[in-house]
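Q: If you scroll down you'll find the structure; I have some questions about it.
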Amino acid sequence: MVAPNFDITKLSDGSIKMVFSGEWRLSQTPPSAEKIVQSLEIDSISPSAVTPSVIVVSVDNLGAWDSSLIAVLYSIVTQCAAKNIETDYSALPIGLKGLLKLATAVPRREDSPEAHKESWIARVGIATLGAFEATRSVAHFIGEISIAFARLLKGKTQLRRNDFLEILLQAGPSALSIVTLISVLVGLILAYIGAIQLQQFGAQIYVANLVGLAMTREMAGIMAGIILAGRTGAAFAAHLGTMQVNEEIDALLTFGISPVEFLVLPRMLAVILMIPLLCLYAMIAGIIGGIIVSVGALGISLPLYYDQTVNSIELTDVWVGVGKSIVFGALVALCGCYHGMRCGRSASAVGQATTAAVVSGIVCVVVADAVFAVLCDIVGI
Amino acid sequence: MSVAIRVEDLTMAYGDITAGARVIQSGLTFDIQEGDIFVIMGGSGCGKSTLLRHLVGLLTPAHGKIFYGDVNLGDADFEKRTVIMRSFGVLYQKGALWSSRTLKENIALPLETYTSLSADTISDLVAAKLALVGLAGFEEYYPSEISGGMQKRAALARAMALDPKILFFDEPSAGLDPVSSQRLDELILELRDSLGATIVIVTHELPSIFAIGTNSVFLDPETKTMIAQGDPNELLKSCKNPKVQQFLRRGDLSTKI
């Protein structure tokens, strides 16, 4: 097997002769096109100074060859053409000549996106404009949902029963097992942390207050919101995003069917209806987690724990928790549907939309909870 | 014969046209007559499918107007726009069947949305539409359970659900075997003749173009505008533009017709 080789000769008439020999195969690690082009020193050739400004390419004892040789020749031909230096490759074997002719038949597109390299100032500007555009887009989407909801109330549109029940099932009952697991464990963790501190004062019984209040006012809603963001919000984004990729949403539009009324509204309503129930369920599950620790490990009797819990929780606490969860649910569904509906038209765009839906859903839940904490403090509930 | 769609000085672009947008095509002006089988042709990447998406209202023109009767689709309010769009049937390149619904549910959805027909009548209609595209008995199948070609035919049955006045086809023969492709051509002719539908097709399948096309527009990706218009068979005989001739003769300019 003869190693790939090339020879460059500068002729007296100013032209350059390139001769390729040996076996040019990818498995032979042939010299790179860049290296060969560099050794030609194209930049030093001035078309006006060299007459004739021609590079003659030929072969001598050329063995087997593959696309590695084509890549080199293509690179030479195009780079010379850019410098107005003529390349004569008529002496090449027919196969090579044909492929090279084919490769150079259609001129290279110069306005492709990677050709534009923006400065960092431009990139900051584009990002800022993008942020404004995103805000406007979210506002527009919320407006569309509001109009769709108003049309539903006026009876101008209706939810399709089977679709709605299917989404209700996905958003609610199907999430029960994971909500149970997470909520019981959160209750358990709260009880253990509380017990360690409260035992120092002999006040273990107040574990019931801690777990009860924390679960009803905060943790049940947050946990339900986060679980829905990871489960249902992601499912919404992936489903709607895939529909976008497959032109299924376009198909709805061209039938004059509003995708917001047909796809988004039932999803929003299903989550808003289901999350308060999941939240109430999570409160009970969390308190059960507290009972397991208190009765099992701290030796507190069940009736005592029950009395302490009932006395420490007011109905307002439950309403605050449930009310917050409805807002969390609306935000999670909004994030899921928004990112799904605004998804690009590629497989990777569906992945990005799903990630964005989960991340923005969780962020929205936590930020909204912080806002509620401040509001509740101001209102005094 | 009256004009079904009038396109006036249409410019299609990605991005804001005042801020250096990428123009796809500009200066497009043509009429599509009622009963036409109008072919949008041109090389890959010239903006054929983009033009179709503008015609069906999925994209907004950067400049120019698209009239349906007296109504400019771009200016129409929600109600008018919905009425116009209800008169469409669109067959998308990949079929675009609603994947979580059976074929029956796919075809029944527009009928349930826009008519007050009984469930039995809708079932009969669905069975008839599926039979028309050679898919009798496939009602309970999901799109993922049938082949790509079958999906396309089922999508055509859905596009015909409401007996549309205008049918748009985006690369209808892509992915179909030659026999199915010819059958589709026959079906398109039948739809035009029996239902009086106007057909707009994006394609570069030469046999289909010559077999069924009655009018056409040729888009050029380099000059970014239309360079020929008329009956494809006439264009083949008399159009002087080498790009059009090259396209219609499959790149072989030496072919004598």
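A note on labels: chains of the structure tokens are A, B, ... as shown, every chain counts residues from 1, and ligands are counted from 1 in their shown order.
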Taking only C-alpha atoms into account, what are the residues of chain B at most 12 Å from chain A, put as a ChimeraX atom specification?
A: /B:21-23,52-59,78-101,105-107,109-114,143,155-156,158-164,166-168,170,221-222
Q: When DSSP is applied to the backbone of this structure, which of stretch 151-185 of chain A are assigned helix (DSSP H, G or I)? Write them out as a list of chain:residue names.
A: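 Answer for stretch 151-185 of chain A restricted to helix (DSSP H, G or I) is A:Arg151, A:Leu152, A:Leu153, A:Arg161, A:Asn162, A:Asp163, A:Phe164, A:Leu165, A:Glu166, A:Ile167, A:Leu168, A:Leu169, A:Gln170, A:Ala171, A:Pro173, A:Ser174, A:Ala175, A:Leu176, A:Ser177, A:Ile178, A:Val179, A:Thr180, A:Leu181, A:Ile182, A:Ser183, A:Val184, A:Leu185.
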Q: Between atom CA of B:Ser44 and atom CA of A:Val106, what is the distance in Å, rounded to a tenth?
A: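 Spanning atom CA of B:Ser44 to atom CA of A:Val106 is a straight-line distance of 12.9 Å.
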Q: Which residues are close to A:Asp369, i.e. within 8 Å by only C-alpha atoms, leaving aside same-chain residues fewer than 5 positions away? Reply as a list in words.
A: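 The filter keeps Glu218, Ile222 and Lys324 of chain A.
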Q: What's around stretch 67-76 of chain B at 7 Å? Count only C-alpha atoms, leave out sequence neighbours fewer than 6 positions away in its own chain, and write the answer as an MDAnalysis selection string.
A: chainID B and resid 4:7 57 60
Q: Please write the residues from the selection above to a file, keeping N, CA and C atoms, as a PDB file, in the first residue's frame.
A:
ATOM      1  N   ALA B   4     -60.823  32.256  -8.147  1.00  0.00           N
ATOM      2  CA  ALA B   4     -60.971  31.687  -6.803  1.00  0.00           C
ATOM      3  C   ALA B   4     -60.001  32.366  -5.834  1.00  0.00           C
ATOM      4  N   ILE B   5     -58.759  32.503  -6.260  1.00  0.00           N
ATOM      5  CA  ILE B   5     -57.737  33.135  -5.403  1.00  0.00           C
ATOM      6  C   ILE B   5     -56.967  34.146  -6.261  1.00  0.00           C
ATOM      7  N   ARG B   6     -56.807  35.343  -5.744  1.00  0.00           N
ATOM      8  CA  ARG B   6     -55.985  36.341  -6.455  1.00  0.00           C
ATOM      9  C   ARG B   6     -54.797  36.723  -5.566  1.00  0.00           C
ATOM     10  N   VAL B   7     -53.607  36.568  -6.094  1.00  0.00           N
ATOM     11  CA  VAL B   7     -52.401  36.930  -5.339  1.00  0.00           C
ATOM     12  C   VAL B   7     -51.837  38.205  -5.969  1.00  0.00           C
ATOM     13  N   GLY B  57     -53.264  30.768   4.840  1.00  0.00           N
ATOM     14  CA  GLY B  57     -53.383  31.671   5.989  1.00  0.00           C
ATOM     15  C   GLY B  57     -52.539  31.290   7.186  1.00  0.00           C
ATOM     16  N   THR B  60     -48.269  35.065   7.410  1.00  0.00           N
ATOM     17  CA  THR B  60     -48.742  36.383   6.993  1.00  0.00           C
ATOM     18  C   THR B  60     -47.775  36.968   5.976  1.00  0.00           C
TER      19      THR B  60
END
Q: Work out how far apart atom CA of B:Leu103 and atom CA of B:Asp120 are and give it in Å to one decimal.
A: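 Separating atom CA of B:Leu103 from atom CA of B:Asp120 is a distance of 15.9 Å.
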Q: Among stretch 7-194 of chain B, which residues carry a DSSP assignment of strand (DSSP E or B), reported as a ChimeraX atom specification?
A: /B:7-14,22-33,37-42,63-68,71-72,88-92,95,166-170
Q: One decimal, in Å: what's the spacing between atom CA of A:Ala64 and atom CA of A:Ala33?
A: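 Atom-to-atom, atom CA of A:Ala64 to atom CA of A:Ala33, that is 17.8 Å.
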Q: Excluding A:Val365 and residues on its chain fewer than 3 positions from it, collect all residues at most 8 Å away from it, counting only C-alpha atoms, and give them as a list in words.
A: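 So the residues in contact are Ile222, Gly225, Ile226, Phe328, Leu331, Val332, Gly361, Ile362, Ala368 and Asp369 of chain A.
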Q: I need the residues from that last selection saved to file as an mmCIF file, in the first residue's frame (with C-alpha atoms), if you can.
A:
data_model
loop_
_atom_site.group_PDB
_atom_site.id
_atom_site.type_symbol
_atom_site.label_atom_id
_atom_site.label_comp_id
_atom_site.auth_asym_id
_atom_site.auth_seq_id
_atom_site.Cartn_x
_atom_site.Cartn_y
_atom_site.Cartn_z
ATOM 1 C CA ILE A 222 -45.844 23.438 46.286
ATOM 2 C CA GLY A 225 -47.380 22.159 41.714
ATOM 3 C CA ILE A 226 -43.875 20.779 41.242
ATOM 4 C CA PHE A 328 -49.735 27.070 40.796
ATOM 5 C CA LEU A 331 -49.093 28.605 35.961
ATOM 6 C CA VAL A 332 -47.829 25.065 35.359
ATOM 7 C CA GLY A 361 -43.241 25.765 35.629
ATOM 8 C CA ILE A 362 -41.170 25.062 38.756
ATOM 9 C CA ALA A 368 -45.670 32.676 43.081
ATOM 10 C CA ASP A 369 -45.360 31.063 46.511
#
Q: List the neighbours of B:Ile199 out to 9 Å using only C-alpha atoms; skip same-chain residues closer than 5 positions along the sequence, and give me the result as a short mmCIF file (atom, residue, chain, number, x, y, z; two decimals) with N, CA and C atoms, in the first residue's frame.
A:
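Contents of selection-v9.cif, freshly written:
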data_model
loop_
_atom_site.label_atom_id
_atom_site.label_comp_id
_atom_site.auth_asym_id
_atom_site.auth_seq_id
_atom_site.Cartn_x
_atom_site.Cartn_y
_atom_site.Cartn_z
N GLU B 34 -61.43 29.37 -10.69
CA GLU B 34 -62.24 28.27 -10.15
C GLU B 34 -62.16 27.08 -11.10
N GLY B 35 -61.96 25.90 -10.54
CA GLY B 35 -61.87 24.70 -11.38
C GLY B 35 -60.47 24.42 -11.92
N ASP B 36 -59.55 25.32 -11.65
CA ASP B 36 -58.16 25.11 -12.05
C ASP B 36 -57.52 23.96 -11.26
N ILE B 37 -56.59 23.28 -11.90
CA ILE B 37 -55.65 22.47 -11.12
C ILE B 37 -54.34 23.23 -11.24
N PHE B 38 -54.05 24.01 -10.24
CA PHE B 38 -52.97 25.00 -10.29
C PHE B 38 -51.73 24.41 -9.63
N VAL B 39 -50.64 24.38 -10.38
CA VAL B 39 -49.41 23.76 -9.85
C VAL B 39 -48.42 24.85 -9.46
N LYS B 165 -64.29 23.74 -1.19
CA LYS B 165 -64.30 24.37 -2.52
C LYS B 165 -62.88 24.41 -3.09
N ILE B 166 -61.91 24.54 -2.18
CA ILE B 166 -60.51 24.60 -2.64
C ILE B 166 -59.70 23.55 -1.88
N LEU B 167 -58.97 22.76 -2.62
CA LEU B 167 -58.11 21.75 -1.98
C LEU B 167 -56.65 22.08 -2.24
N PHE B 168 -55.87 22.11 -1.18
CA PHE B 168 -54.44 22.39 -1.30
C PHE B 168 -53.67 21.10 -1.05
N PHE B 169 -52.73 20.83 -1.88
CA PHE B 169 -51.90 19.62 -1.72
C PHE B 169 -50.44 20.03 -1.64
N ILE B 188 -57.60 13.37 -7.92
CA ILE B 188 -57.59 14.84 -7.97
C ILE B 188 -58.45 15.32 -9.14
N LEU B 189 -58.30 14.69 -10.29
CA LEU B 189 -59.11 15.06 -11.45
C LEU B 189 -60.59 14.83 -11.16
N LEU B 191 -62.05 14.80 -8.25
CA LEU B 191 -62.53 15.79 -7.27
C LEU B 191 -62.87 17.11 -7.96
N ARG B 192 -62.01 17.48 -8.89
CA ARG B 192 -62.24 18.73 -9.63
C ARG B 192 -63.52 18.59 -10.46
#
Q: Using only C-alpha atoms, which protein or nucleic acid residues come within 9 Å of stretch 223-231 of chain B? Drop anything in the same chain fewer than 4 positions from it, and give the result as an mmCIF file with N, CA and C atoms, in the first residue's frame.
A:
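Generated file (selection-v9.cif):
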data_model
loop_
_atom_site.group_PDB
_atom_site.id
_atom_site.type_symbol
_atom_site.label_atom_id
_atom_site.label_comp_id
_atom_site.auth_asym_id
_atom_site.auth_seq_id
_atom_site.Cartn_x
_atom_site.Cartn_y
_atom_site.Cartn_z
ATOM 1 N N THR B 11 -44.966 39.345 -1.203
ATOM 2 C CA THR B 11 -43.580 39.117 -0.776
ATOM 3 C C THR B 11 -43.621 38.211 0.443
ATOM 4 N N VAL B 23 -35.693 37.417 2.468
ATOM 5 C CA VAL B 23 -36.816 37.342 1.530
ATOM 6 C C VAL B 23 -36.785 35.992 0.819
ATOM 7 N N ILE B 24 -37.935 35.316 0.799
ATOM 8 C CA ILE B 24 -38.021 34.011 0.136
ATOM 9 C C ILE B 24 -38.410 34.228 -1.328
ATOM 10 N N GLN B 25 -39.475 34.980 -1.532
ATOM 11 C CA GLN B 25 -39.941 35.306 -2.878
ATOM 12 C C GLN B 25 -40.593 36.676 -2.801
ATOM 13 N N SER B 26 -40.544 37.401 -3.924
ATOM 14 C CA SER B 26 -41.237 38.685 -3.937
ATOM 15 C C SER B 26 -41.871 38.922 -5.308
ATOM 16 N N GLY B 27 -42.791 39.891 -5.338
ATOM 17 C CA GLY B 27 -43.436 40.274 -6.593
ATOM 18 C C GLY B 27 -44.282 39.179 -7.218
ATOM 19 N N LEU B 28 -44.889 38.323 -6.386
ATOM 20 C CA LEU B 28 -45.719 37.247 -6.938
ATOM 21 C C LEU B 28 -47.116 37.780 -7.221
ATOM 22 N N THR B 29 -47.541 37.725 -8.461
ATOM 23 C CA THR B 29 -48.882 38.160 -8.837
ATOM 24 C C THR B 29 -49.462 37.132 -9.801
ATOM 25 N N PHE B 30 -50.546 36.499 -9.399
ATOM 26 C CA PHE B 30 -51.213 35.539 -10.297
ATOM 27 C C PHE B 30 -52.638 35.282 -9.800
ATOM 28 N N PHE B 38 -54.049 24.014 -10.242
ATOM 29 C CA PHE B 38 -52.969 24.996 -10.292
ATOM 30 C C PHE B 38 -51.729 24.408 -9.634
ATOM 31 N N VAL B 39 -50.642 24.377 -10.377
ATOM 32 C CA VAL B 39 -49.413 23.760 -9.854
ATOM 33 C C VAL B 39 -48.417 24.845 -9.461
ATOM 34 N N CYS B 46 -37.154 26.774 -3.114
ATOM 35 C CA CYS B 46 -37.524 28.048 -3.759
ATOM 36 C C CYS B 46 -38.698 28.720 -3.050
ATOM 37 N N GLY B 47 -39.352 28.016 -2.123
ATOM 38 C CA GLY B 47 -40.451 28.638 -1.366
ATOM 39 C C GLY B 47 -41.841 28.170 -1.785
ATOM 40 N N PHE B 210 -47.698 17.368 -15.757
ATOM 41 C CA PHE B 210 -48.199 17.360 -17.136
ATOM 42 C C PHE B 210 -49.549 16.661 -17.254
ATOM 43 N N GLY B 213 -52.095 19.191 -14.408
ATOM 44 C CA GLY B 213 -52.002 20.651 -14.244
ATOM 45 C C GLY B 213 -52.678 21.416 -15.372
ATOM 46 N N THR B 214 -53.503 22.410 -15.014
ATOM 47 C CA THR B 214 -54.116 23.248 -16.054
ATOM 48 C C THR B 214 -53.517 24.650 -16.032
ATOM 49 N N ASN B 215 -52.884 25.001 -14.951
ATOM 50 C CA ASN B 215 -52.239 26.309 -14.826
ATOM 51 C C ASN B 215 -51.103 26.159 -13.825
ATOM 52 N N SER B 216 -50.146 27.054 -13.874
ATOM 53 C CA SER B 216 -49.028 26.890 -12.948
ATOM 54 C C SER B 216 -48.268 28.193 -12.766
ATOM 55 N N VAL B 217 -47.442 28.199 -11.736
ATOM 56 C CA VAL B 217 -46.513 29.299 -11.547
ATOM 57 C C VAL B 217 -45.157 28.664 -11.234
ATOM 58 N N PHE B 218 -44.098 29.245 -11.775
ATOM 59 C CA PHE B 218 -42.764 28.677 -11.564
ATOM 60 C C PHE B 218 -41.948 29.646 -10.711
ATOM 61 N N LEU B 219 -41.503 29.189 -9.556
ATOM 62 C CA LEU B 219 -40.728 30.044 -8.656
ATOM 63 C C LEU B 219 -39.238 29.759 -8.823
ATOM 64 N N LEU B 235 -46.089 25.719 -21.340
ATOM 65 C CA LEU B 235 -44.760 26.211 -20.926
ATOM 66 C C LEU B 235 -43.666 25.332 -21.526
ATOM 67 N N LEU B 236 -43.906 24.042 -21.524
ATOM 68 C CA LEU B 236 -42.920 23.106 -22.070
ATOM 69 C C LEU B 236 -42.674 23.396 -23.546
ATOM 70 N N CYS B 239 -42.198 28.165 -23.530
ATOM 71 C CA CYS B 239 -41.474 29.055 -22.614
ATOM 72 C C CYS B 239 -39.994 29.116 -23.012
ATOM 73 N N ASN B 241 -37.600 30.587 -21.191
ATOM 74 C CA ASN B 241 -36.665 30.650 -20.058
ATOM 75 C C ASN B 241 -35.928 29.323 -19.869
ATOM 76 N N LYS B 243 -34.266 28.102 -17.418
ATOM 77 C CA LYS B 243 -34.460 27.442 -16.111
ATOM 78 C C LYS B 243 -35.749 26.631 -16.120
ATOM 79 N N VAL B 244 -36.788 27.213 -16.711
ATOM 80 C CA VAL B 244 -38.079 26.525 -16.771
ATOM 81 C C VAL B 244 -37.949 25.297 -17.668
#
